[in-house]
>>> print(open('final-v9.cif').read())   # mmCIF, C-alpha atoms
data_work
loop_
_atom_site.label_atom_id
_atom_site.label_comp_id
_atom_site.auth_asym_id
_atom_site.auth_seq_id
_atom_site.Cartn_x
_atom_site.Cartn_y
_atom_site.Cartn_z
CA MET A 26 36.83 -7.99 7.71
CA ALA A 27 33.34 -8.52 9.16
CA VAL A 28 31.99 -6.14 6.57
CA ARG A 29 33.72 -7.88 3.67
CA GLU A 30 32.50 -11.24 4.92
CA GLY A 31 29.02 -9.76 5.06
CA ILE A 32 29.24 -8.51 1.53
CA ARG A 33 30.55 -11.84 0.25
CA CYS A 34 27.75 -13.76 2.02
CA GLY A 35 25.22 -11.27 0.75
CA GLY A 36 26.41 -11.77 -2.80
CA ARG A 37 26.25 -15.55 -2.61
CA SER A 38 22.97 -15.40 -0.74
CA ALA A 39 21.48 -13.04 -3.31
CA ARG A 40 22.61 -15.30 -6.16
CA ILE A 41 21.01 -18.34 -4.49
CA GLN A 42 17.80 -16.40 -3.99
CA ALA A 43 17.76 -15.28 -7.62
CA GLU A 44 18.42 -18.80 -8.95
CA VAL A 45 15.79 -20.42 -6.72
CA HIS A 46 13.17 -17.76 -7.50
CA LYS A 47 13.90 -18.15 -11.22
CA ALA A 48 13.49 -21.94 -10.97
CA VAL A 49 10.14 -21.56 -9.16
CA LYS A 50 8.83 -19.07 -11.72
CA GLU A 51 9.86 -21.27 -14.65
CA MET A 52 8.22 -24.30 -13.05
CA GLN A 53 5.05 -22.34 -12.28
CA ALA A 54 4.83 -21.42 -15.96
CA GLU A 55 5.35 -25.04 -17.10
CA ALA A 56 4.24 -27.52 -14.47
CA GLY A 57 1.15 -28.18 -12.41
CA ARG A 58 1.24 -27.04 -8.82
CA ASP A 59 1.63 -30.62 -7.53
CA GLU A 60 4.84 -31.12 -9.49
CA ILE A 61 6.56 -28.19 -7.79
CA THR A 62 8.55 -29.78 -4.99
CA VAL A 63 11.64 -28.68 -3.10
CA PRO A 64 13.89 -31.39 -4.68
CA ALA A 65 12.66 -30.45 -8.18
CA ILE A 66 13.26 -26.73 -7.55
CA ALA A 67 16.70 -27.47 -6.08
CA ALA A 68 17.70 -29.56 -9.10
CA ARG A 69 16.71 -26.83 -11.52
CA ALA A 70 18.33 -24.04 -9.49
CA GLY A 71 21.57 -26.01 -9.07
CA VAL A 72 21.48 -25.99 -5.25
CA THR A 73 20.86 -28.75 -2.71
CA PRO A 74 17.40 -29.24 -1.21
CA SER A 75 18.90 -28.56 2.22
CA THR A 76 19.99 -25.09 1.02
CA ILE A 77 16.32 -24.36 0.31
CA TYR A 78 15.05 -25.83 3.57
CA ARG A 79 17.71 -23.90 5.54
CA ARG A 80 16.80 -20.61 3.93
CA TRP A 81 13.01 -20.85 3.48
CA GLY A 82 11.95 -23.57 5.94
CA THR A 83 9.16 -25.02 3.83
CA LEU A 84 7.93 -25.07 0.24
CA ALA A 85 4.98 -22.89 1.33
CA GLU A 86 7.34 -20.20 2.66
CA LEU A 87 9.38 -20.25 -0.54
CA LEU A 88 6.24 -19.97 -2.71
CA ALA A 89 4.97 -17.06 -0.57
CA ASP A 90 8.35 -15.32 -0.89
CA VAL A 91 8.28 -15.70 -4.68
CA ALA A 92 4.66 -14.48 -4.76
CA VAL A 93 5.52 -11.28 -2.88
CA GLU A 94 8.37 -10.56 -5.29
CA ARG A 95 6.07 -11.12 -8.27
CA LEU A 96 3.52 -8.68 -6.84
CA ARG A 97 6.16 -5.96 -6.36
CA PRO A 98 5.39 -3.15 -8.84
CA ILE A 99 8.01 -2.94 -11.58
CA ALA A 100 7.15 0.59 -12.76
CA ASP A 101 5.53 3.80 -11.53
CA PRO A 102 1.83 4.22 -12.32
CA ALA A 103 1.09 6.00 -15.60
CA ASP A 104 1.06 9.82 -15.46
CA THR A 105 -2.22 10.92 -17.08
CA GLY A 106 -2.03 14.56 -15.99
CA SER A 107 -4.49 14.41 -13.07
CA THR A 108 -4.85 12.53 -9.79
CA GLN A 109 -8.23 11.19 -10.80
CA GLY A 110 -6.96 10.00 -14.16
CA ASP A 111 -3.91 8.40 -12.56
CA VAL A 112 -6.05 6.55 -10.00
CA GLU A 113 -8.56 5.37 -12.60
CA ALA A 114 -5.87 4.10 -14.96
CA TRP A 115 -3.98 2.34 -12.19
CA ILE A 116 -7.13 0.76 -10.68
CA GLU A 117 -8.02 -0.76 -14.05
CA GLN A 118 -4.58 -2.37 -14.26
CA TYR A 119 -4.75 -3.45 -10.59
CA VAL A 120 -8.06 -5.27 -11.14
CA ASP A 121 -6.81 -6.98 -14.31
CA GLU A 122 -3.67 -8.23 -12.60
CA THR A 123 -5.24 -9.22 -9.27
CA ALA A 124 -8.24 -11.00 -10.80
CA SER A 125 -6.15 -12.98 -13.29
CA ASP A 126 -5.51 -16.67 -12.61
CA VAL A 127 -1.88 -15.86 -11.92
CA GLY A 128 -2.82 -13.02 -9.56
CA LYS A 129 -5.23 -15.20 -7.59
CA ALA A 130 -2.66 -18.02 -7.38
CA LEU A 131 -0.09 -15.56 -5.97
CA LEU A 132 -2.56 -14.39 -3.32
CA ARG A 133 -3.27 -18.01 -2.42
CA ASP A 134 0.46 -18.70 -2.03
CA ILE A 135 0.75 -15.66 0.24
CA PHE A 136 -2.22 -16.58 2.47
CA ALA A 137 -1.33 -20.26 2.62
CA ASN A 138 1.75 -19.21 4.55
CA ALA A 139 0.66 -15.96 6.16
CA ALA A 140 0.89 -16.94 9.85
CA GLY A 141 3.68 -15.02 11.53
CA THR A 142 4.85 -13.40 8.29
CA ASN A 143 4.55 -9.88 6.95
CA ASN A 144 3.78 -11.07 3.42
CA PRO A 145 0.16 -9.84 3.21
CA ILE A 146 1.21 -6.50 4.74
CA GLN A 147 3.91 -6.25 2.10
CA CYS A 148 1.19 -6.58 -0.59
CA CYS A 149 -0.72 -3.72 0.98
CA ASN A 150 2.48 -1.67 1.19
CA PHE A 151 3.06 -2.09 -2.57
CA THR A 152 -0.44 -0.68 -3.16
CA ARG A 153 0.18 2.13 -0.69
CA GLU A 154 3.52 3.04 -2.30
CA THR A 155 1.91 3.25 -5.74
CA LEU A 156 -0.84 5.51 -4.37
CA GLU A 157 1.83 7.67 -2.70
CA VAL A 158 3.49 8.23 -6.08
CA ILE A 159 0.10 9.32 -7.48
CA ARG A 160 -0.60 11.53 -4.44
CA ASP A 161 2.81 13.22 -4.53
CA ARG A 162 2.58 13.82 -8.27
CA GLY A 163 -0.84 15.43 -7.72
CA VAL A 164 0.45 17.65 -4.94
CA ALA A 165 3.32 18.77 -7.19
CA ARG A 166 0.66 19.75 -9.77
CA GLY A 167 -1.15 21.80 -7.12
CA GLU A 168 -3.96 19.28 -6.48
CA ALA A 169 -5.19 18.46 -2.96
CA PRO A 170 -3.46 15.35 -1.56
CA LEU A 171 -5.11 11.99 -2.24
CA ASP A 172 -6.32 10.37 1.00
CA ILE A 173 -4.68 6.97 0.65
CA ASP A 174 -6.43 5.29 3.60
CA GLU A 175 -9.79 6.23 2.10
CA ILE A 176 -8.80 4.80 -1.29
CA LEU A 177 -7.80 1.57 0.50
CA ASP A 178 -11.13 1.37 2.39
CA ILE A 179 -13.49 2.52 -0.35
CA VAL A 180 -11.92 1.24 -3.57
CA ILE A 181 -9.14 -1.31 -2.98
CA ALA A 182 -10.90 -3.26 -0.18
CA PRO A 183 -14.13 -3.95 -2.13
CA ILE A 184 -12.12 -4.86 -5.25
CA MET A 185 -10.13 -7.37 -3.21
CA TYR A 186 -13.25 -8.66 -1.40
CA ARG A 187 -15.07 -9.24 -4.69
CA ILE A 188 -12.08 -11.05 -6.18
CA LEU A 189 -11.33 -13.16 -3.10
CA PHE A 190 -14.80 -13.85 -1.69
CA GLN A 191 -17.22 -13.41 -4.58
CA ASN A 192 -15.13 -14.48 -7.55
CA THR A 193 -16.64 -11.57 -9.51
CA PRO A 194 -14.00 -8.88 -10.08
CA PRO A 195 -15.60 -5.46 -10.60
CA THR A 196 -16.10 -4.24 -14.17
CA ALA A 197 -14.58 -0.92 -15.28
CA GLU A 198 -18.03 0.63 -14.72
CA GLU A 199 -18.23 -0.75 -11.17
CA CYS A 200 -14.72 0.55 -10.45
CA ARG A 201 -15.84 4.02 -11.54
CA LYS A 202 -18.79 3.73 -9.14
CA LEU A 203 -16.44 2.82 -6.29
CA LEU A 204 -14.26 5.82 -7.18
CA ALA A 205 -17.34 8.06 -7.28
CA ARG A 206 -17.92 7.22 -3.61
CA VAL A 207 -14.47 8.63 -2.83
CA ARG A 208 -15.23 11.75 -4.82
CA SER A 209 -18.19 12.52 -2.57
CA LEU A 210 -15.98 12.58 0.52
CA PRO A 211 -15.13 16.09 1.73
CA SER A 212 -11.39 15.39 1.88
CA LEU A 213 -11.34 14.45 -1.81
CA ASP A 214 -14.00 16.79 -3.04
CA THR A 215 -11.76 19.73 -3.92
CA GLN A 216 -9.16 17.66 -5.63
CA MET A 217 -11.66 15.66 -7.68
CA LYS A 218 -13.49 18.81 -8.70
CA SER A 219 -10.27 20.49 -9.74
CA ALA A 220 -9.30 17.33 -11.63
CA SER A 221 -12.59 17.24 -13.51
CA LEU A 222 -12.43 20.97 -14.23
CA SER A 223 -8.98 20.60 -15.72
CA ALA A 224 -10.08 17.61 -17.84
CA MET B 22 -33.87 -49.38 -4.35
CA ALA B 23 -31.66 -46.69 -5.81
CA VAL B 24 -33.21 -44.21 -3.41
CA ARG B 25 -32.72 -46.43 -0.37
CA GLU B 26 -29.13 -47.07 -1.36
CA GLY B 27 -28.71 -43.31 -1.65
CA ILE B 28 -30.14 -42.75 1.80
CA ARG B 29 -28.02 -45.47 3.36
CA CYS B 30 -24.86 -44.11 1.73
CA GLY B 31 -25.83 -40.60 2.80
CA GLY B 32 -26.17 -41.72 6.40
CA ARG B 33 -22.81 -43.46 6.46
CA SER B 34 -21.24 -40.65 4.52
CA ALA B 35 -22.61 -38.05 6.96
CA ARG B 36 -21.30 -40.06 9.93
CA ILE B 37 -17.83 -40.27 8.36
CA GLN B 38 -17.87 -36.55 7.70
CA ALA B 39 -18.91 -35.80 11.29
CA GLU B 40 -16.23 -38.08 12.78
CA VAL B 41 -13.46 -36.73 10.55
CA HIS B 42 -14.45 -33.09 11.16
CA LYS B 43 -14.55 -33.76 14.92
CA ALA B 44 -11.08 -35.32 14.81
CA VAL B 45 -9.68 -32.31 12.90
CA LYS B 46 -11.24 -29.81 15.32
CA GLU B 47 -9.91 -31.66 18.37
CA MET B 48 -6.43 -31.84 16.87
CA GLN B 49 -6.53 -28.15 15.92
CA ALA B 50 -7.30 -27.34 19.56
CA GLU B 51 -4.48 -29.56 20.87
CA ALA B 52 -1.70 -29.95 18.33
CA GLY B 53 0.51 -27.73 16.23
CA ARG B 54 -0.42 -27.38 12.58
CA ASP B 55 2.50 -29.57 11.48
CA GLU B 56 1.25 -32.52 13.54
CA ILE B 57 -2.11 -32.59 11.75
CA THR B 58 -1.66 -35.24 9.07
CA VAL B 59 -4.13 -37.44 7.20
CA PRO B 60 -2.95 -40.66 8.94
CA ALA B 61 -3.24 -38.99 12.37
CA ILE B 62 -6.74 -37.67 11.61
CA ALA B 63 -7.80 -41.06 10.25
CA ALA B 64 -6.56 -42.86 13.37
CA ARG B 65 -8.49 -40.51 15.65
CA ALA B 66 -11.67 -40.62 13.54
CA GLY B 67 -11.58 -44.43 13.28
CA VAL B 68 -11.43 -44.49 9.49
CA THR B 69 -8.68 -45.44 7.06
CA PRO B 70 -6.48 -42.76 5.48
CA SER B 71 -7.75 -43.87 2.06
CA THR B 72 -11.32 -43.02 3.14
CA ILE B 73 -10.13 -39.45 3.73
CA TYR B 74 -8.13 -39.25 0.50
CA ARG B 75 -11.08 -40.66 -1.48
CA ARG B 76 -13.50 -38.16 -0.04
CA TRP B 77 -11.43 -34.98 0.32
CA GLY B 78 -8.48 -35.53 -2.04
CA THR B 79 -5.87 -33.76 0.06
CA LEU B 80 -5.30 -32.57 3.61
CA ALA B 81 -5.68 -28.98 2.36
CA GLU B 82 -9.16 -29.72 0.98
CA LEU B 83 -10.22 -31.36 4.23
CA LEU B 84 -8.94 -28.42 6.30
CA ALA B 85 -10.76 -25.96 4.00
CA ASP B 86 -13.98 -28.00 4.33
CA VAL B 87 -13.70 -27.96 8.13
CA ALA B 88 -12.95 -24.22 8.08
CA VAL B 89 -16.10 -23.44 6.08
CA GLU B 90 -18.22 -25.44 8.53
CA ARG B 91 -16.65 -23.61 11.47
CA LEU B 92 -17.44 -20.23 9.88
CA ARG B 93 -21.11 -21.15 9.35
CA PRO B 94 -23.22 -18.97 11.69
CA ILE B 95 -24.80 -21.00 14.49
CA ALA B 96 -27.44 -18.43 15.47
CA ASP B 97 -29.37 -15.49 14.08
CA PRO B 98 -27.88 -12.05 14.75
CA ALA B 99 -29.14 -10.35 17.92
CA ASP B 100 -32.41 -8.42 17.61
CA THR B 101 -31.75 -4.97 19.09
CA GLY B 102 -34.97 -3.36 17.82
CA SER B 103 -33.52 -1.43 14.87
CA THR B 104 -31.63 -2.21 11.67
CA GLN B 105 -28.79 0.08 12.64
CA GLY B 106 -28.52 -1.48 16.11
CA ASP B 107 -28.60 -4.99 14.64
CA VAL B 108 -25.87 -4.18 12.10
CA GLU B 109 -23.66 -2.47 14.71
CA ALA B 110 -23.97 -5.34 17.17
CA TRP B 111 -23.34 -7.98 14.54
CA ILE B 112 -20.35 -6.13 13.02
CA GLU B 113 -18.68 -5.97 16.44
CA GLN B 114 -19.01 -9.74 16.80
CA TYR B 115 -17.89 -10.31 13.18
CA VAL B 116 -14.68 -8.32 13.72
CA ASP B 117 -13.92 -10.12 17.00
CA GLU B 118 -14.37 -13.54 15.43
CA THR B 119 -12.64 -12.84 12.10
CA ALA B 120 -9.64 -11.07 13.62
CA SER B 121 -9.04 -13.75 16.27
CA ASP B 122 -6.14 -16.18 15.77
CA VAL B 123 -8.67 -18.95 15.13
CA GLY B 124 -10.59 -16.83 12.62
CA LYS B 125 -7.43 -15.92 10.70
CA ALA B 126 -6.29 -19.57 10.67
CA LEU B 127 -9.67 -20.61 9.22
CA LEU B 128 -9.37 -18.00 6.45
CA ARG B 129 -5.84 -19.24 5.70
CA ASP B 130 -7.12 -22.82 5.43
CA ILE B 131 -9.83 -21.65 3.05
CA PHE B 132 -7.49 -19.65 0.79
CA ALA B 133 -4.74 -22.27 0.82
CA ASN B 134 -7.15 -24.48 -1.10
CA ALA B 135 -9.37 -21.97 -2.87
CA ALA B 136 -8.54 -22.86 -6.49
CA GLY B 137 -11.55 -24.37 -8.19
CA THR B 138 -13.64 -24.41 -5.00
CA ASN B 139 -16.58 -22.33 -3.83
CA ASN B 140 -15.25 -22.11 -0.28
CA PRO B 141 -14.50 -18.37 -0.21
CA ILE B 142 -17.87 -17.67 -1.85
CA GLN B 143 -19.52 -19.76 0.85
CA CYS B 144 -17.94 -17.45 3.49
CA CYS B 145 -19.40 -14.42 1.73
CA ASN B 146 -22.78 -16.18 1.52
CA PHE B 147 -22.80 -16.71 5.31
CA THR B 148 -22.28 -12.96 5.74
CA ARG B 149 -24.94 -12.19 3.17
CA GLU B 150 -27.46 -14.55 4.83
CA THR B 151 -26.92 -12.90 8.21
CA LEU B 152 -27.44 -9.45 6.68
CA GLU B 153 -30.61 -10.74 4.97
CA VAL B 154 -32.00 -11.73 8.38
CA ILE B 155 -31.29 -8.20 9.64
CA ARG B 156 -32.77 -6.62 6.49
CA ASP B 157 -35.95 -8.71 6.58
CA ARG B 158 -36.44 -8.02 10.29
CA GLY B 159 -36.09 -4.29 9.58
CA VAL B 160 -38.59 -4.42 6.72
CA ALA B 161 -41.07 -6.23 9.00
CA ARG B 162 -40.64 -3.32 11.46
CA GLY B 163 -41.40 -0.86 8.66
CA GLU B 164 -37.79 0.28 8.08
CA ALA B 165 -36.38 0.78 4.57
CA PRO B 166 -34.54 -2.33 3.35
CA LEU B 167 -30.83 -2.58 4.14
CA ASP B 168 -28.74 -2.49 0.95
CA ILE B 169 -26.65 -5.63 1.48
CA ASP B 170 -24.23 -5.09 -1.42
CA GLU B 171 -23.40 -1.66 -0.07
CA ILE B 172 -22.75 -3.06 3.41
CA LEU B 173 -20.42 -5.63 1.82
CA ASP B 174 -18.52 -2.95 -0.15
CA ILE B 175 -18.40 -0.21 2.47
CA VAL B 176 -18.17 -2.07 5.78
CA ILE B 177 -17.35 -5.78 5.38
CA ALA B 178 -14.72 -5.36 2.63
CA PRO B 179 -12.54 -2.83 4.51
CA ILE B 180 -12.84 -4.88 7.72
CA MET B 181 -11.62 -7.96 5.85
CA TYR B 182 -8.88 -6.00 4.02
CA ARG B 183 -7.57 -4.56 7.28
CA ILE B 184 -7.54 -7.99 8.92
CA LEU B 185 -6.01 -9.84 5.96
CA PHE B 186 -3.64 -7.26 4.49
CA GLN B 187 -2.87 -4.80 7.28
CA ASN B 188 -3.07 -7.02 10.36
CA THR B 189 -4.87 -4.17 12.14
CA PRO B 190 -8.54 -5.04 12.67
CA PRO B 191 -10.70 -1.93 13.01
CA THR B 192 -11.57 -0.73 16.50
CA ALA B 193 -15.24 -0.32 17.51
CA GLU B 194 -14.82 3.41 16.80
CA GLU B 195 -13.45 2.71 13.30
CA CYS B 196 -16.33 0.31 12.62
CA ARG B 197 -18.78 3.07 13.52
CA LYS B 198 -16.96 5.36 11.06
CA LEU B 199 -17.31 2.75 8.31
CA LEU B 200 -21.03 2.42 9.12
CA ALA B 201 -21.40 6.20 9.05
CA ARG B 202 -20.30 6.13 5.39
CA VAL B 203 -23.25 3.84 4.64
CA ARG B 204 -25.59 6.18 6.48
CA SER B 205 -24.67 9.01 4.13
CA LEU B 206 -25.74 7.02 1.07
CA PRO B 207 -29.16 8.06 -0.31
CA SER B 208 -30.44 4.48 -0.40
CA LEU B 209 -29.77 4.05 3.30
CA ASP B 210 -30.47 7.59 4.39
CA THR B 211 -34.15 7.13 5.19
CA GLN B 212 -33.68 3.92 7.08
CA MET B 213 -30.80 5.24 9.16
CA LYS B 214 -32.68 8.45 9.95
CA SER B 215 -35.77 6.53 11.00
CA ALA B 216 -33.55 4.27 13.13
CA SER B 217 -31.94 7.23 14.91
CA LEU B 218 -35.28 8.99 15.36
CA SER B 219 -36.75 5.90 17.00
CA ALA B 220 -33.70 5.52 19.30
#
>>> encode(input="final-v9.cif", output="structure tokens")
Amino acid sequence: MAVREGIRCGGRSARIQAEVHKAVKEMQAEAGRDEITVPAIAARAGVTPSTIYRRWGTLAELLADVAVERLRPIADPADTGSTQGDVEAWIEQYVDETASDVGKALLRDIFANAAGTNNPIQCCNFTRETLEVIRDRGVARGEAPLDIDEILDIVIAPIMYRILFQNTPPTAEECRKLLARVRSLPSLDTQMKSASLSA
Amino acid sequence: MAVREGIRCGGRSARIQAEVHKAVKEMQAEAGRDEITVPAIAARAGVTPSTIYRRWGTLAELLADVAVERLRPIADPADTGSTQGDVEAWIEQYVDETASDVGKALLRDIFANAAGTNNPIQCCNFTRETLEVIRDRGVARGEAPLDIDEILDIVIAPIMYRILFQNTPPTAEECRKLLARVRSLPSLDTQMKSASLSA
């Protein structure tokens, strides 16, 4: 009985979440940020404002929750045949998405309500999971494993710093220079060499 | 006459800014974030709420403005006698301050209202100006010039990424590892070698 009740609640709860998220996304596409209020979201989602306050606490928490969901990858990174090719292709897409107006607005929503939440960590985990797919695919091809922490430090971190703090996202050429720094590291040397030999 | 008027307005305007900033800082030290409202700040600063709205627009803009001022360096970085020593000492302090609860709250205030502002860029400029002091001091000593963009990419960016997205600020040992990556770059090689030879 407890289990059934749980399932029923979960179903209703999941439907409410889906409707409210959908309402927020539609309003973000149509309205200015100032027009997005809890009563307006509730009206569009067909729930009461108190349902939203009970579940998310504040508008900021709801917007951060929606932002995390929108940053969740919807597909595996492209398989180009080599670790280096996979990383390069994915980095290009990552910069485009993160540096877009929508991408920057999602990051703002996440940091505006970051205190005591795991939302920023969740963003990093999405990046990590994508890199794990690339690493594991490379290992299955016989390449040396990609060092994910080094990619985060040497490539992802400066991309994010330039977008957030310098408002100058790196060009494709600058991304290749960042990746070249990784290539010179001993742990990636073998793999990158084998990738360039096979290219 | 126009000039005088400008000066008089500037003086009054600067006093209002100082009083309002002081009120915000006192309330941040005492009250929870939810209790900091424009009417409460206005009452403490001895101005009307409309003065604050006219000048800053929203509470978020005011908090971001205060945050930028609080992140402005108040002193030159310590002079340890070598570029490498100066960078190491300053990085340790930078991590401590940025990863503190206060530091993270200031960054949140800045990003919560980053759209259309230069506030995040101003943060990066503070870092850049500090590194310029260290670079110029090194050059005056006869050391090769510090490559500031490389320090931003290789050391500052991963520190910020770890604090913002991983909630695990680097340890002193990890900071030294990040700095060691800079040392291996040709452009910094000479300077770092001369620094370690003179140590």
>>> residues_around(input="final-v9.cif", residues="Val68 in chain B", least_positions_apart="2", cutoff="12 Å", atoms="only C-alpha atoms", output="number ranges by chain")
B: 33-34, 36-42, 44, 59-66, 70-76
>>> resolve_selection(input="final-v9.cif", expression="the PyMOL selection byres ((chain A) within 7 of (chain B))", output="ChimeraX atom specification")
/A:133-134,136-137,145-146,149,178-179,182-183,186,189-191
>>> resolve_selection(input="final-v9.cif", expression="the PyMOL selection byres ((chain A and resi 106-109) around 7)", output="ChimeraX atom specification")
/A:104-105,110-113,159-160,163,217,220
>>> closest_residue(input="final-v9.cif", among="A:Asp101, A:Ile61, A:Glu117, A:Val93", to="Leu204 in chain A", atoms="all atoms listed in the file")
A:Glu117
>>> atom_distance(input="final-v9.cif", atom1="CA of Ala205 in chain A", atom2="CA of Ala114 in chain A")
14.4 Å
>>> atom_distance(input="final-v9.cif", atom1="CA of Val207 in chain A", atom2="CA of Ile173 in chain A")
10.5 Å
>>> atom_distance(input="final-v9.cif", atom1="CA of Pro98 in chain A", atom2="CA of Thr155 in chain A")
7.9 Å
>>> decode(input="final-v9.cif", residues="range 166-188 of chain B", atoms="N, CA and C atoms", output="mmCIF file, in the first residue's frame")
data_model
loop_
_atom_site.group_PDB
_atom_site.id
_atom_site.type_symbol
_atom_site.label_atom_id
_atom_site.label_comp_id
_atom_site.auth_asym_id
_atom_site.auth_seq_id
_atom_site.Cartn_x
_atom_site.Cartn_y
_atom_site.Cartn_z
ATOM 1 N N PRO B 166 58.580 38.969 -18.240
ATOM 2 C CA PRO B 166 57.221 39.387 -17.859
ATOM 3 C C PRO B 166 56.263 38.206 -17.702
ATOM 4 N N LEU B 167 55.492 38.242 -16.636
ATOM 5 C CA LEU B 167 54.432 37.252 -16.400
ATOM 6 C C LEU B 167 53.414 37.345 -17.533
ATOM 7 N N ASP B 168 52.998 36.198 -18.073
ATOM 8 C CA ASP B 168 51.962 36.182 -19.113
ATOM 9 C C ASP B 168 50.596 36.104 -18.418
ATOM 10 N N ILE B 169 49.933 37.253 -18.315
ATOM 11 C CA ILE B 169 48.715 37.335 -17.495
ATOM 12 C C ILE B 169 47.574 36.499 -18.065
ATOM 13 N N ASP B 170 47.413 36.500 -19.391
ATOM 14 C CA ASP B 170 46.327 35.694 -19.978
ATOM 15 C C ASP B 170 46.521 34.206 -19.694
ATOM 16 N N GLU B 171 47.780 33.776 -19.669
ATOM 17 C CA GLU B 171 48.013 32.360 -19.365
ATOM 18 C C GLU B 171 47.717 32.045 -17.894
ATOM 19 N N ILE B 172 48.048 32.977 -17.002
ATOM 20 C CA ILE B 172 47.694 32.771 -15.590
ATOM 21 C C ILE B 172 46.169 32.694 -15.441
ATOM 22 N N LEU B 173 45.450 33.552 -16.165
ATOM 23 C CA LEU B 173 43.983 33.518 -16.094
ATOM 24 C C LEU B 173 43.464 32.163 -16.571
ATOM 25 N N ASP B 174 43.954 31.689 -17.721
ATOM 26 C CA ASP B 174 43.486 30.415 -18.286
ATOM 27 C C ASP B 174 43.863 29.218 -17.421
ATOM 28 N N ILE B 175 45.114 29.191 -16.970
ATOM 29 C CA ILE B 175 45.680 27.952 -16.418
ATOM 30 C C ILE B 175 45.530 27.871 -14.901
ATOM 31 N N VAL B 176 45.445 29.021 -14.231
ATOM 32 C CA VAL B 176 45.381 28.996 -12.766
ATOM 33 C C VAL B 176 44.060 29.576 -12.242
ATOM 34 N N ILE B 177 43.736 30.802 -12.660
ATOM 35 C CA ILE B 177 42.530 31.463 -12.128
ATOM 36 C C ILE B 177 41.259 30.738 -12.578
ATOM 37 N N ALA B 178 41.175 30.393 -13.878
ATOM 38 C CA ALA B 178 39.955 29.765 -14.399
ATOM 39 C C ALA B 178 39.635 28.445 -13.683
ATOM 40 N N PRO B 179 40.593 27.520 -13.544
ATOM 41 C CA PRO B 179 40.232 26.279 -12.824
ATOM 42 C C PRO B 179 39.912 26.504 -11.348
ATOM 43 N N ILE B 180 40.562 27.492 -10.721
ATOM 44 C CA ILE B 180 40.209 27.792 -9.322
ATOM 45 C C ILE B 180 38.745 28.231 -9.256
ATOM 46 N N MET B 181 38.361 29.148 -10.155
ATOM 47 C CA MET B 181 36.991 29.641 -10.166
ATOM 48 C C MET B 181 36.006 28.528 -10.520
ATOM 49 N N TYR B 182 36.368 27.684 -11.505
ATOM 50 C CA TYR B 182 35.469 26.590 -11.905
ATOM 51 C C TYR B 182 35.250 25.622 -10.753
ATOM 52 N N ARG B 183 36.339 25.306 -10.038
ATOM 53 C CA ARG B 183 36.191 24.376 -8.907
ATOM 54 C C ARG B 183 35.322 24.979 -7.813
ATOM 55 N N ILE B 184 35.481 26.270 -7.563
ATOM 56 C CA ILE B 184 34.679 26.910 -6.520
ATOM 57 C C ILE B 184 33.223 27.013 -6.951
ATOM 58 N N LEU B 185 32.993 27.458 -8.190
ATOM 59 C CA LEU B 185 31.615 27.702 -8.638
ATOM 60 C C LEU B 185 30.874 26.411 -8.984
ATOM 61 N N PHE B 186 31.539 25.485 -9.676
ATOM 62 C CA PHE B 186 30.828 24.342 -10.247
ATOM 63 C C PHE B 186 31.102 23.015 -9.544
ATOM 64 N N GLN B 187 32.124 22.983 -8.670
ATOM 65 C CA GLN B 187 32.410 21.700 -8.032
ATOM 66 C C GLN B 187 32.346 21.818 -6.519
ATOM 67 N N ASN B 188 32.254 23.064 -6.034
ATOM 68 C CA ASN B 188 32.181 23.302 -4.599
ATOM 69 C C ASN B 188 33.350 22.677 -3.849
#
